[in-house]
$ cat work_31.cif   # mmCIF, C-alpha atoms
data_entry
loop_
_atom_site.label_atom_id
_atom_site.label_comp_id
_atom_site.auth_asym_id
_atom_site.auth_seq_id
_atom_site.Cartn_x
_atom_site.Cartn_y
_atom_site.Cartn_z
CA MET J 1 103.15 100.94 51.72
CA LYS J 2 99.89 99.16 50.94
CA VAL J 3 97.05 99.39 53.46
CA VAL J 4 94.88 96.28 53.12
CA THR J 5 91.82 94.83 54.84
CA SER J 6 92.11 91.23 53.70
CA ALA J 7 94.90 88.67 54.05
CA GLN J 8 94.39 87.78 50.40
CA GLU J 9 96.12 91.04 49.46
CA LEU J 10 99.29 90.10 51.37
CA PRO J 11 102.52 88.83 49.73
CA LEU J 12 103.29 85.09 49.70
CA SER J 13 106.39 85.38 51.84
CA CYS J 14 107.06 87.95 54.55
CA ALA J 15 108.34 88.92 57.96
CA PHE J 16 105.31 89.57 60.15
CA VAL J 17 104.70 91.86 63.10
CA PRO J 18 101.26 91.42 64.67
CA THR J 19 100.18 94.42 66.79
CA MET J 20 97.14 95.90 68.46
CA GLY J 21 97.90 99.36 67.09
CA ALA J 22 98.63 102.49 69.13
CA LEU J 23 102.06 102.09 67.60
CA HIS J 24 105.12 103.60 69.26
CA ALA J 25 108.90 103.39 68.88
CA GLY J 26 108.85 99.92 70.47
CA HIS J 27 106.82 98.64 67.51
CA GLY J 28 109.15 100.61 65.25
CA SER J 29 112.06 98.50 66.50
CA LEU J 30 110.12 95.33 65.62
CA PHE J 31 109.58 96.62 62.08
CA SER J 32 113.29 97.45 61.79
CA ILE J 33 114.21 93.91 62.85
CA ALA J 34 111.69 92.52 60.35
CA LYS J 35 113.58 94.32 57.59
CA ASN J 36 116.56 92.02 58.18
CA HIS J 37 114.46 88.97 57.39
CA SER J 38 112.37 89.77 54.34
CA GLU J 39 111.69 92.36 51.66
CA ASN J 40 108.05 92.19 52.61
CA ILE J 41 107.24 93.54 56.06
CA VAL J 42 103.65 92.85 57.01
CA ALA J 43 102.16 94.46 60.11
CA SER J 44 98.66 93.77 61.35
CA ILE J 45 96.61 96.04 63.58
CA TYR J 46 93.87 94.17 65.36
CA VAL J 47 92.63 94.80 68.88
CA ASN J 48 91.74 91.23 69.68
CA PRO J 49 88.60 91.14 71.86
CA ARG J 50 89.32 87.56 72.99
CA GLN J 51 92.43 88.49 74.95
CA PHE J 52 90.70 91.09 77.09
CA GLU J 53 89.17 89.52 80.15
CA ASN J 54 87.98 92.98 81.17
CA GLU J 55 85.39 94.87 79.03
CA ASP J 56 86.59 98.19 80.34
CA ASP J 57 90.24 97.59 79.42
CA LEU J 58 89.14 96.64 75.89
CA LYS J 59 87.04 99.79 75.62
CA LYS J 60 89.86 101.98 76.93
CA TYR J 61 92.57 100.37 74.79
CA PRO J 62 94.00 103.25 72.73
CA ARG J 63 93.12 103.29 69.03
CA THR J 64 95.11 105.67 66.79
CA PRO J 65 94.81 104.39 63.19
CA ASP J 66 95.99 107.59 61.47
CA CYS J 67 99.18 107.86 63.52
CA ASP J 68 99.67 104.09 63.14
CA ILE J 69 99.68 104.35 59.33
CA GLU J 70 102.20 107.16 59.47
CA LEU J 71 104.51 105.36 61.91
CA ALA J 72 104.32 102.05 60.03
CA GLN J 73 105.18 103.83 56.78
CA SER J 74 108.15 105.62 58.33
CA PHE J 75 109.59 102.35 59.66
CA GLY J 76 109.41 100.64 56.28
CA VAL J 77 106.34 98.44 56.67
CA THR J 78 105.35 97.32 53.16
CA HIS J 79 101.87 95.98 53.94
CA LEU J 80 99.69 97.26 56.78
CA TRP J 81 96.74 94.98 57.38
CA PHE J 82 93.59 95.92 59.30
CA PRO J 83 91.80 92.58 59.65
CA THR J 84 88.07 92.44 60.19
CA ASP J 85 86.45 90.41 62.97
CA GLU J 86 84.80 88.24 60.30
CA GLU J 87 88.13 87.30 58.75
CA ILE J 88 89.80 86.50 62.08
CA TYR J 89 86.85 84.71 63.67
CA PRO J 90 84.64 83.14 61.00
CA ALA J 91 81.50 81.36 62.18
CA GLY J 92 82.34 78.06 63.88
CA PHE J 93 85.89 79.07 64.67
CA THR J 94 87.29 77.22 67.70
CA HIS J 95 89.90 78.67 70.00
CA ILE J 96 93.05 76.96 71.22
CA THR J 97 94.34 76.62 74.75
CA ALA J 98 97.75 77.92 75.79
CA GLY J 99 100.25 75.75 77.72
CA PRO J 100 100.42 75.51 81.54
CA ILE J 101 102.68 78.57 81.83
CA SER J 102 99.62 80.55 80.73
CA GLN J 103 98.08 80.01 84.18
CA LEU J 104 100.92 81.73 86.04
CA TYR J 105 101.73 85.41 86.61
CA GLU J 106 99.94 87.40 83.88
CA GLY J 107 97.60 84.46 83.43
CA ALA J 108 96.77 84.30 87.14
CA SER J 109 95.79 87.96 87.12
CA ARG J 110 94.08 87.84 83.72
CA PRO J 111 92.20 84.52 83.39
CA GLY J 112 91.78 83.44 79.77
CA HIS J 113 94.09 86.18 78.48
CA PHE J 114 96.74 83.90 76.98
CA ASP J 115 94.22 81.52 75.41
CA GLY J 116 92.98 84.61 73.57
CA VAL J 117 96.51 85.61 72.61
CA VAL J 118 97.67 82.26 71.25
CA THR J 119 94.35 81.79 69.46
CA VAL J 120 94.61 85.07 67.55
CA VAL J 121 98.33 84.69 66.85
CA ARG J 122 97.87 81.17 65.47
CA ARG J 123 94.97 82.42 63.35
CA LEU J 124 97.03 85.36 62.06
CA PHE J 125 99.89 82.99 61.22
CA ASP J 126 97.51 80.72 59.32
CA LEU J 127 96.22 83.67 57.28
CA VAL J 128 99.58 85.41 56.67
CA LYS J 129 101.85 82.33 56.46
CA PRO J 130 104.97 84.34 57.36
CA THR J 131 108.47 82.86 57.41
CA VAL J 132 109.37 84.80 60.56
CA ALA J 133 107.39 86.78 63.11
CA ILE J 134 108.80 89.33 65.55
CA PHE J 135 107.60 89.80 69.13
CA GLY J 136 108.89 92.08 71.87
CA GLU J 137 110.49 90.73 75.03
CA LYS J 138 108.39 93.16 77.05
CA ASP J 139 105.58 90.61 77.05
CA PHE J 140 107.97 87.90 78.06
CA GLN J 141 105.40 85.30 79.06
CA GLN J 142 103.47 85.89 75.86
CA LEU J 143 106.66 85.32 73.88
CA ALA J 144 107.24 81.95 75.60
CA LEU J 145 103.66 80.81 74.93
CA ILE J 146 103.74 81.93 71.30
CA ARG J 147 106.91 79.91 70.72
CA GLU J 148 104.92 76.83 71.76
CA ILE J 149 102.27 77.33 69.08
CA ALA J 150 104.46 78.85 66.34
CA GLY J 151 104.88 75.63 64.34
CA GLU J 152 106.88 76.37 61.19
CA VAL J 153 107.03 80.13 61.82
CA GLU J 154 110.39 81.27 63.19
CA ILE J 155 109.90 83.53 66.22
CA ILE J 156 112.35 86.40 66.72
CA ALA J 157 112.53 88.09 70.15
CA ALA J 158 113.12 91.84 70.14
CA PRO J 159 114.64 93.63 73.15
CA ILE J 160 112.55 96.07 75.20
CA ILE J 161 112.62 99.66 73.96
CA ARG J 162 112.54 102.23 76.75
CA GLU J 163 111.77 105.91 77.28
CA SER J 164 114.78 108.05 78.23
CA ASP J 165 114.08 107.49 81.94
CA GLY J 166 113.90 103.71 81.53
CA LEU J 167 110.13 103.13 81.43
CA ALA J 168 109.37 100.30 79.00
CA MET J 169 107.42 101.61 76.02
CA SER J 170 103.79 100.53 76.05
CA SER J 171 100.61 101.68 74.37
CA ARG J 172 99.14 101.95 77.85
CA ASN J 173 101.68 104.52 79.06
CA ILE J 174 99.65 107.41 77.60
CA ARG J 175 96.92 106.65 80.14
CA LEU J 176 99.24 107.64 83.02
CA ASP J 177 98.85 111.13 84.48
CA ASP J 178 101.95 113.24 85.24
CA ALA J 179 102.41 111.97 88.79
CA GLY J 180 101.81 108.40 87.61
CA ARG J 181 104.25 108.77 84.77
CA ASP J 182 106.84 109.99 87.25
CA ALA J 183 106.13 107.14 89.66
CA ALA J 184 106.47 104.56 86.87
CA ARG J 185 110.22 105.10 86.83
CA VAL J 186 110.46 102.97 89.96
CA ILE J 187 110.03 99.81 87.87
CA PHE J 188 113.17 100.23 85.80
CA LYS J 189 115.03 101.51 88.85
CA ALA J 190 114.08 98.39 90.81
CA LEU J 191 114.99 96.05 87.94
CA THR J 192 118.41 97.59 87.41
CA GLN J 193 119.42 98.43 90.98
CA SER J 194 118.47 95.19 92.75
CA ASN J 195 120.52 92.04 93.20
CA SER J 196 117.82 89.74 94.52
CA GLU J 197 114.10 89.18 94.43
CA GLN J 198 113.82 90.72 97.86
CA GLU J 199 115.71 93.89 96.92
CA LEU J 200 113.59 94.15 93.79
CA ARG J 201 110.43 94.16 95.91
CA GLU J 202 111.92 96.56 98.46
CA ILE J 203 112.68 99.18 95.84
CA LEU J 204 109.21 98.81 94.26
CA ALA J 205 107.65 99.25 97.71
CA THR J 206 109.22 102.71 98.02
CA GLU J 207 106.76 104.11 95.43
CA PRO J 208 103.33 104.64 97.01
CA LEU J 209 101.55 105.10 93.67
CA PHE J 210 102.71 101.66 92.47
CA THR J 211 100.50 98.69 93.39
CA LEU J 212 102.47 95.47 93.06
CA ASP J 213 101.01 92.39 91.41
CA TYR J 214 104.23 90.38 91.27
CA ALA J 215 107.99 90.84 91.29
CA ASP J 216 109.72 87.49 90.91
CA TYR J 217 112.82 85.80 89.62
CA ILE J 218 111.94 83.03 87.19
CA ASP J 219 113.61 80.34 85.11
CA GLU J 220 113.04 81.59 81.55
CA GLU J 221 112.14 78.13 80.34
CA THR J 222 109.76 76.89 83.03
CA PHE J 223 108.60 80.19 84.61
CA LEU J 224 109.21 78.51 87.97
CA PRO J 225 111.64 79.87 90.56
CA PRO J 226 115.23 79.35 89.38
CA THR J 227 117.06 76.22 90.54
CA LYS J 228 120.60 74.97 90.09
CA SER J 229 119.68 73.61 86.67
CA THR J 230 118.35 76.98 85.51
CA GLN J 231 120.20 78.31 82.48
CA PHE J 232 118.65 81.77 82.19
CA THR J 233 117.00 83.76 84.95
CA ARG J 234 114.73 86.74 84.42
CA ALA J 235 113.25 89.25 86.84
CA ILE J 236 109.62 89.95 85.98
CA VAL J 237 107.48 92.74 87.39
CA ALA J 238 103.84 93.71 87.00
CA GLY J 239 101.64 96.16 88.82
CA TRP J 240 99.35 99.15 88.47
CA ILE J 241 99.71 102.91 88.53
CA ASN J 242 96.58 105.05 88.06
CA GLY J 243 94.79 101.75 87.41
CA VAL J 244 97.02 101.21 84.37
CA ARG J 245 98.70 97.81 84.22
CA LEU J 246 102.46 98.03 83.66
CA LEU J 247 104.84 95.16 82.87
CA ASP J 248 108.58 94.96 82.64
CA ASN J 249 111.38 92.41 82.89
CA ILE J 250 115.12 92.11 82.66
CA SER J 251 117.62 89.31 82.27
CA VAL J 252 119.57 88.64 85.46
CA LYS J 253 122.76 86.72 85.97
CA SER J 254 121.80 83.14 86.69
CA GLU J 255 122.34 82.12 90.27
CA THR J 256 120.39 80.06 92.72
CA LYS J 257 118.70 82.09 95.35
CA MET Q 1 115.45 57.53 88.71
CA LYS Q 2 111.84 57.03 89.57
CA ALA Q 3 110.33 59.74 91.73
CA VAL Q 4 107.12 59.26 93.69
CA ILE Q 5 105.49 62.63 94.30
CA ALA Q 6 102.39 63.24 96.44
CA LEU Q 7 100.11 66.20 95.74
CA GLY Q 8 97.48 67.71 98.02
CA ALA Q 9 95.29 70.80 97.91
CA ASN Q 10 92.26 72.05 99.84
CA ILE Q 11 92.06 75.81 99.33
CA GLY Q 12 90.61 77.81 96.46
CA ASN Q 13 89.90 75.49 93.55
CA PRO Q 14 91.82 72.30 94.47
CA GLN Q 15 90.93 70.50 91.23
CA GLU Q 16 92.31 73.30 89.07
CA GLN Q 17 95.44 73.63 91.16
CA MET Q 18 96.15 69.91 91.04
CA ASP Q 19 95.70 69.97 87.25
CA LEU Q 20 98.08 72.90 86.95
CA ALA Q 21 100.67 71.37 89.29
CA VAL Q 22 100.62 68.15 87.24
CA ALA Q 23 100.98 70.15 84.00
CA LEU Q 24 103.96 72.02 85.47
CA LEU Q 25 105.55 68.76 86.62
CA LYS Q 26 105.14 67.38 83.09
CA GLN Q 27 106.99 70.41 81.78
CA SER Q 28 110.11 69.53 83.74
CA LEU Q 29 109.87 65.77 84.35
CA ASP Q 30 108.96 62.69 82.41
CA VAL Q 31 105.69 61.91 84.17
CA SER Q 32 104.63 58.28 83.57
CA ALA Q 33 101.50 58.02 85.73
CA VAL Q 34 99.12 60.23 87.67
CA SER Q 35 96.56 58.71 90.03
CA SER Q 36 92.95 59.78 90.32
CA TYR Q 37 92.27 62.61 92.72
CA PHE Q 38 91.11 61.19 96.06
CA THR Q 39 88.97 63.23 98.42
CA THR Q 40 90.21 63.09 102.00
CA ALA Q 41 88.68 64.61 105.11
CA PRO Q 42 91.32 66.59 107.05
CA VAL Q 43 92.53 64.94 110.25
CA GLY Q 44 92.49 66.97 113.47
CA GLY Q 45 93.05 70.70 113.72
CA PRO Q 46 90.40 73.35 113.10
CA ALA Q 47 87.55 72.71 110.65
CA GLN Q 48 88.71 73.08 107.05
CA PRO Q 49 87.62 71.90 103.59
CA ASP Q 50 88.30 68.36 102.35
CA TYR Q 51 91.58 67.71 100.63
CA LEU Q 52 92.18 66.42 97.14
CA ASN Q 53 95.16 64.06 97.08
CA ALA Q 54 97.01 62.33 94.29
CA VAL Q 55 100.31 60.64 93.58
CA CYS Q 56 102.36 60.97 90.44
CA ILE Q 57 105.26 58.86 89.21
CA ALA Q 58 107.99 60.56 87.19
CA GLU Q 59 111.41 59.79 85.76
CA SER Q 60 114.11 62.34 86.52
CA ASP Q 61 117.89 62.72 86.29
CA LEU Q 62 117.96 65.68 88.67
CA PRO Q 63 119.92 65.46 91.91
CA ALA Q 64 117.45 64.99 94.77
CA SER Q 65 118.02 68.53 96.06
CA ASP Q 66 117.18 69.97 92.62
CA LEU Q 67 114.07 67.83 92.32
CA LEU Q 68 113.01 69.09 95.73
CA ALA Q 69 113.74 72.69 94.61
CA LEU Q 70 111.50 72.11 91.60
CA LEU Q 71 108.64 70.91 93.82
CA HIS Q 72 109.11 73.88 96.14
CA GLY Q 73 109.17 76.15 93.08
CA ILE Q 74 105.78 74.88 91.94
CA GLU Q 75 104.43 75.31 95.48
CA LYS Q 76 105.78 78.84 95.55
CA VAL Q 77 104.47 79.91 92.17
CA LEU Q 78 100.99 78.51 92.87
CA GLY Q 79 100.96 79.80 96.43
CA ARG Q 80 102.32 83.23 95.82
CA GLU Q 81 100.42 85.83 97.72
CA ARG Q 82 97.47 87.08 95.79
CA ILE Q 83 96.96 90.81 95.85
CA GLU Q 84 93.83 90.57 93.75
CA HIS Q 85 90.52 88.92 94.43
CA TRP Q 86 90.99 85.24 93.67
CA GLY Q 87 92.25 84.55 97.15
CA PRO Q 88 94.75 81.95 98.28
CA ARG Q 89 95.88 79.20 95.99
CA THR Q 90 98.12 76.68 97.59
CA ILE Q 91 99.30 73.20 96.91
CA ASP Q 92 101.51 70.76 98.77
CA LEU Q 93 104.01 68.68 96.86
CA ASP Q 94 105.93 66.01 98.78
CA LEU Q 95 108.74 63.85 97.51
CA ILE Q 96 107.85 60.43 98.90
CA GLN Q 97 110.60 58.32 97.42
CA TYR Q 98 113.35 58.87 94.85
CA GLY Q 99 114.91 55.79 93.25
CA GLY Q 100 116.65 53.85 96.02
CA LEU Q 101 117.78 56.95 97.92
CA LEU Q 102 117.81 56.94 101.68
CA SER Q 103 118.42 60.38 103.16
CA TYR Q 104 118.39 61.47 106.77
CA ALA Q 105 119.29 65.11 106.17
CA ASP Q 106 116.89 67.53 107.87
CA GLU Q 107 116.11 69.30 104.62
CA LEU Q 108 115.46 66.06 102.75
CA LEU Q 109 114.16 62.93 104.42
CA LEU Q 110 113.82 59.96 102.06
CA PRO Q 111 111.67 58.04 101.96
CA HIS Q 112 109.15 60.48 103.35
CA PRO Q 113 109.05 59.76 107.12
CA ARG Q 114 105.24 59.64 107.42
CA ALA Q 115 104.26 58.18 104.06
CA HIS Q 116 103.80 54.67 105.50
CA GLU Q 117 100.91 55.80 107.72
CA ARG Q 118 99.24 58.21 105.33
CA ARG Q 119 96.31 56.66 103.52
CA PHE Q 120 96.08 59.76 101.30
CA VAL Q 121 99.51 58.85 99.94
CA LEU Q 122 99.26 55.05 99.93
CA GLU Q 123 95.83 54.83 98.32
CA PRO Q 124 96.53 56.93 95.20
CA TRP Q 125 99.99 55.37 94.90
CA ALA Q 126 98.56 51.84 95.04
CA GLU Q 127 96.12 52.75 92.30
CA ILE Q 128 98.88 53.43 89.76
CA GLU Q 129 101.57 51.12 91.14
CA PRO Q 130 99.96 48.30 93.13
CA ASP Q 131 103.18 46.31 93.62
CA ALA Q 132 105.30 49.25 94.76
CA ILE Q 133 107.53 49.05 97.80
CA LEU Q 134 108.08 51.91 100.22
CA LEU Q 135 111.73 51.64 101.19
CA THR Q 136 112.34 50.56 104.79
CA HIS Q 137 108.62 49.86 105.25
CA GLY Q 138 107.57 47.26 102.71
CA LYS Q 139 104.82 46.69 100.18
CA ILE Q 140 102.40 49.58 100.01
CA SER Q 141 99.47 47.16 99.63
CA ASP Q 142 100.35 45.72 103.07
CA LEU Q 143 100.84 49.18 104.57
CA LEU Q 144 97.48 50.23 103.20
CA GLU Q 145 95.82 47.21 104.82
CA GLN Q 146 97.48 47.93 108.15
CA SER Q 147 96.33 51.53 108.09
CA GLN Q 148 92.67 50.53 107.95
#

$ encode --input "work_31.cif" --output "structure tokens"
Amino acid sequence: MKVVTSAQELPLSCAFVPTMGALHAGHGSLFSIAKNHSENIVASIYVNPRQFENEDDLKKYPRTPDCDIELAQSFGVTHLWFPTDEEIYPAGFTHITAGPISQLYEGASRPGHFDGVVTVVRRLFDLVKPTVAIFGEKDFQQLALIREIAGEVEIIAAPIIRESDGLAMSSRNIRLDDAGRDAARVIFKALTQSNSEQELREILATEPLFTLDYADYIDEETFLPPTKSTQFTRAIVAGWINGVRLLDNISVKSETK
Amino acid sequence: MKAVIALGANIGNPQEQMDLAVALLKQSLDVSAVSSYFTTAPVGGPAQPDYLNAVCIAESDLPASDLLALLHGIEKVLGRERIEHWGPRTIDLDLIQYGGLLSYADELLLPHPRAHERRFVLEPWAEIEPDAILLTHGKISDLLEQSQ
């Protein structure tokens, strides 16, 4: 594996996995999927300041470069790229605006977040010029918005990887204390044991350490409540435990509520 | 079929919510015209902020009940209870008229039963479609004159 600090050292054609580091088995699954699409697997590690609307969250975002190099190597990454701020955001760089879905759900709670995400992803695509890029379904709204700006890059969605008790893997999970980590199981329990939006919320409400932001059924295409013309419905959940923001989602059988 | 949809908002940041509602409509419908946003003082009731009102014209193949579900969906997603600090964000979306449909069902009255007397519907509508006719009531330019 080559560790590089400039996009000029990257191969001409590749499968690309952009990350913010603090790599875990969830990222590992993205790298494994990338292997099916190219001999060259490029991963980037860049904690993008423009997608943090909250200084404190940016400061607290875990950074583990040594472990990241080890994990990337073990999952077959061929080029690990640590971009510099100067390369990503040269002087005079202008950001792009994400589509209307960016204002809902995660976007409503984190103003400007998705503009930051699509801006950095588009910039990374322009520098790497990958044939395919792999993103996890855990950030389901992000995935939808990235598809809108992907242009010629094929976007592959990777299923959520979970801990043995069902908690979706996330770099933020290590910030949970023991009681919080225990309480976090309620999210997967609610997603898998409910048959309606209301039941989903009822199960989440049984965990006092969990503060709900939203728990909704959505049409995967529009992010609006499902209607008769909805093809695919997804249950999406977000909230906080120990002040740590947790997200999860699951596909549900399409039916009108 | 041509749908005439009225939008109104007066809580939070009405301008932003109207913009977002229009963007979400465009995602699902073929929107051909959106009026300016008109400022309207609320009529009766307790004191509350002015409304922003607009009308948009869209083409749709959806059954009327599905179109209505879409409008309610946008209302719901913009009005969902905020747990955090940005406070309420609500918007009203009314289906005023849909093609030549006449409906007397409780859950869907078409054309909208009070549109003919609502200046905040007629005025924006007349701006983008001056020759339009409100079914069972007549030319909206005449209705607008009568409502003065």

$ closest_residue --input "work_31.cif" --among "J:Tyr105, J:Phe16, J:Trp240, J:Phe135" --to "chain Q" --atoms "all atoms listed in the file"
J:Tyr105

$ resolve_selection --input "work_31.cif" --expression "the PyMOL selection byres ((chain J and resi 199-209) around 9)" --output "list in words"
Ala179, Gly180, Ala183, Ala184, Val186, Ile187, Lys189, Ala190, Leu191, Thr192, Gln193, Ser194, Asn195, Ser196, Glu197, Gln198, Phe210, Thr211, Leu212, Tyr214, Ala215, Asp216, Ala235, Val237, Trp240, Ile241 and Asn242 of chain J

$ closest_residue --input "work_31.cif" --among "J:Lys228, J:Arg185, J:Arg234, J:Arg50" --to "chain Q" --atoms "only C-alpha atoms"
J:Lys228

$ resolve_selection --input "work_31.cif" --expression "the PyMOL selection byres ((chain J and resi 148-157) around 12)" --output "CSV table (one decimal) with C-alpha atoms, in the coordinates of the input"
chain,number,residue,atom,x,y,z
J,13,SER,CA,106.4,85.4,51.8
J,14,CYS,CA,107.1,88.0,54.6
J,15,ALA,CA,108.3,88.9,58.0
J,16,PHE,CA,105.3,89.6,60.2
J,17,VAL,CA,104.7,91.9,63.1
J,18,PRO,CA,101.3,91.4,64.7
J,29,SER,CA,112.1,98.5,66.5
J,30,LEU,CA,110.1,95.3,65.6
J,31,PHE,CA,109.6,96.6,62.1
J,33,ILE,CA,114.2,93.9,62.8
J,34,ALA,CA,111.7,92.5,60.4
J,36,ASN,CA,116.6,92.0,58.2
J,37,HIS,CA,114.5,89.0,57.4
J,96,ILE,CA,93.0,77.0,71.2
J,97,THR,CA,94.3,76.6,74.8
J,98,ALA,CA,97.8,77.9,75.8
J,99,GLY,CA,100.2,75.8,77.7
J,100,PRO,CA,100.4,75.5,81.5
J,101,ILE,CA,102.7,78.6,81.8
J,102,SER,CA,99.6,80.6,80.7
J,114,PHE,CA,96.7,83.9,77.0
J,115,ASP,CA,94.2,81.5,75.4
J,117,VAL,CA,96.5,85.6,72.6
J,118,VAL,CA,97.7,82.3,71.2
J,119,THR,CA,94.4,81.8,69.5
J,120,VAL,CA,94.6,85.1,67.6
J,121,VAL,CA,98.3,84.7,66.8
J,122,ARG,CA,97.9,81.2,65.5
J,123,ARG,CA,95.0,82.4,63.4
J,124,LEU,CA,97.0,85.4,62.1
J,125,PHE,CA,99.9,83.0,61.2
J,126,ASP,CA,97.5,80.7,59.3
J,128,VAL,CA,99.6,85.4,56.7
J,129,LYS,CA,101.8,82.3,56.5
J,130,PRO,CA,105.0,84.3,57.4
J,131,THR,CA,108.5,82.9,57.4
J,132,VAL,CA,109.4,84.8,60.6
J,133,ALA,CA,107.4,86.8,63.1
J,134,ILE,CA,108.8,89.3,65.6
J,135,PHE,CA,107.6,89.8,69.1
J,136,GLY,CA,108.9,92.1,71.9
J,137,GLU,CA,110.5,90.7,75.0
J,138,LYS,CA,108.4,93.2,77.0
J,139,ASP,CA,105.6,90.6,77.0
J,140,PHE,CA,108.0,87.9,78.1
J,141,GLN,CA,105.4,85.3,79.1
J,142,GLN,CA,103.5,85.9,75.9
J,143,LEU,CA,106.7,85.3,73.9
J,144,ALA,CA,107.2,82.0,75.6
J,145,LEU,CA,103.7,80.8,74.9
J,146,ILE,CA,103.7,81.9,71.3
J,147,ARG,CA,106.9,79.9,70.7
J,158,ALA,CA,113.1,91.8,70.1
J,159,PRO,CA,114.6,93.6,73.2
J,160,ILE,CA,112.6,96.1,75.2
J,221,GLU,CA,112.1,78.1,80.3

$ closest_atom_pairs --input "work_31.cif" --of "chain J" --to "chain Q" --cutoff "8 Å" --atoms "all atoms listed in the file" --output "CSV"
residue,atom,partner,partner_atom,distance
J:Pro100,CA,Q:Ala23,CA,5.9
J:Ile101,CA,Q:Leu24,CA,7.6
J:Gln103,CA,Q:Leu20,CA,7.6
J:Leu104,CA,Q:Val77,CA,7.3
J:Ser109,CA,Q:Glu84,CA,7.4
J:Leu212,CA,Q:Ile83,CA,7.7
J:Asp213,CA,Q:Ile83,CA,6.2
J:Thr222,CA,Q:Gln27,CA,7.2
J:Leu224,CA,Q:Gly73,CA,5.6
J:Pro225,CA,Q:Gly73,CA,5.1
J:Pro226,CA,Q:Gly73,CA,7.8
J:Thr227,CA,Q:Ala69,CA,6.3
J:Lys228,CA,Q:Asp66,CA,6.6
J:Ser229,CA,Q:Asp66,CA,7.4

$ axis_aligned_box --input "work_31.cif" --around "region 42-61 of chain Q" --padding-each-side "4 Å" --output "lines of an AutoDock Vina configuration file"
center_x = 102.7
center_y = 66.1
center_z = 99.7
size_x = 38.3
size_y = 22.5
size_z = 36.0

$ atom_distance --input "work_31.cif" --atom1 "CA of Arg114 (chain Q)" --atom2 "CA of Met18 (chain Q)"
21.4 Å

$ atom_distance --input "work_31.cif" --atom1 "CA of Ser35 (chain Q)" --atom2 "CA of Gly79 (chain Q)"
22.5 Å

$ resolve_selection --input "work_31.cif" --expression "the PyMOL selection byres ((chain Q and resi 57) around 10)" --output "ChimeraX atom specification"
/Q:2-6,29-35,55-56,58-60,97-98,125,128-129

$ write_last_selection --input "work_31.cif" --atoms "C-alpha atoms" --output "PDB file, in the frame of the given file"
ATOM      1  CA  LYS Q   2     111.840  57.030  89.570  1.00  0.00           C
ATOM      2  CA  ALA Q   3     110.330  59.740  91.730  1.00  0.00           C
ATOM      3  CA  VAL Q   4     107.120  59.260  93.690  1.00  0.00           C
ATOM      4  CA  ILE Q   5     105.490  62.630  94.300  1.00  0.00           C
ATOM      5  CA  ALA Q   6     102.390  63.240  96.440  1.00  0.00           C
ATOM      6  CA  LEU Q  29     109.870  65.770  84.350  1.00  0.00           C
ATOM      7  CA  ASP Q  30     108.960  62.690  82.410  1.00  0.00           C
ATOM      8  CA  VAL Q  31     105.690  61.910  84.170  1.00  0.00           C
ATOM      9  CA  SER Q  32     104.630  58.280  83.570  1.00  0.00           C
ATOM     10  CA  ALA Q  33     101.500  58.020  85.730  1.00  0.00           C
ATOM     11  CA  VAL Q  34      99.120  60.230  87.670  1.00  0.00           C
ATOM     12  CA  SER Q  35      96.560  58.710  90.030  1.00  0.00           C
ATOM     13  CA  VAL Q  55     100.310  60.640  93.580  1.00  0.00           C
ATOM     14  CA  CYS Q  56     102.360  60.970  90.440  1.00  0.00           C
ATOM     15  CA  ALA Q  58     107.990  60.560  87.190  1.00  0.00           C
ATOM     16  CA  GLU Q  59     111.410  59.790  85.760  1.00  0.00           C
ATOM     17  CA  SER Q  60     114.110  62.340  86.520  1.00  0.00           C
ATOM     18  CA  GLN Q  97     110.600  58.320  97.420  1.00  0.00           C
ATOM     19  CA  TYR Q  98     113.350  58.870  94.850  1.00  0.00           C
ATOM     20  CA  TRP Q 125      99.990  55.370  94.900  1.00  0.00           C
ATOM     21  CA  ILE Q 128      98.880  53.430  89.760  1.00  0.00           C
ATOM     22  CA  GLU Q 129     101.570  51.120  91.140  1.00  0.00           C
TER      23      GLU Q 129
END

$ atom_distance --input "work_31.cif" --atom1 "CA of Pro14 (chain Q)" --atom2 "CA of Gln146 (chain Q)"
28.5 Å

$ residues_around --input "work_31.cif" --residues "Ser141 (chain Q)" --least-positions-apart "2" --cutoff "7 Å" --atoms "all atoms listed in the file" --output "PyMOL selection string"
chain Q and resi 126+130+139+143-145

$ residues_around --input "work_31.cif" --residues "Gly8 (chain Q)" --least-positions-apart "3" --cutoff "8 Å" --atoms "all atoms listed in the file" --output "list in words"
Met18, Tyr51, Leu52, Asn53, Ala54, Ile91, Asp92 and Leu93 of chain Q

$ residues_around --input "work_31.cif" --residues "Gln48 (chain Q)" --least-positions-apart "3" --cutoff "9 Å" --atoms "only C-alpha atoms" --output "list in words"
Asn10, Ile11, Ala41, Pro42, Gly45 and Tyr51 of chain Q
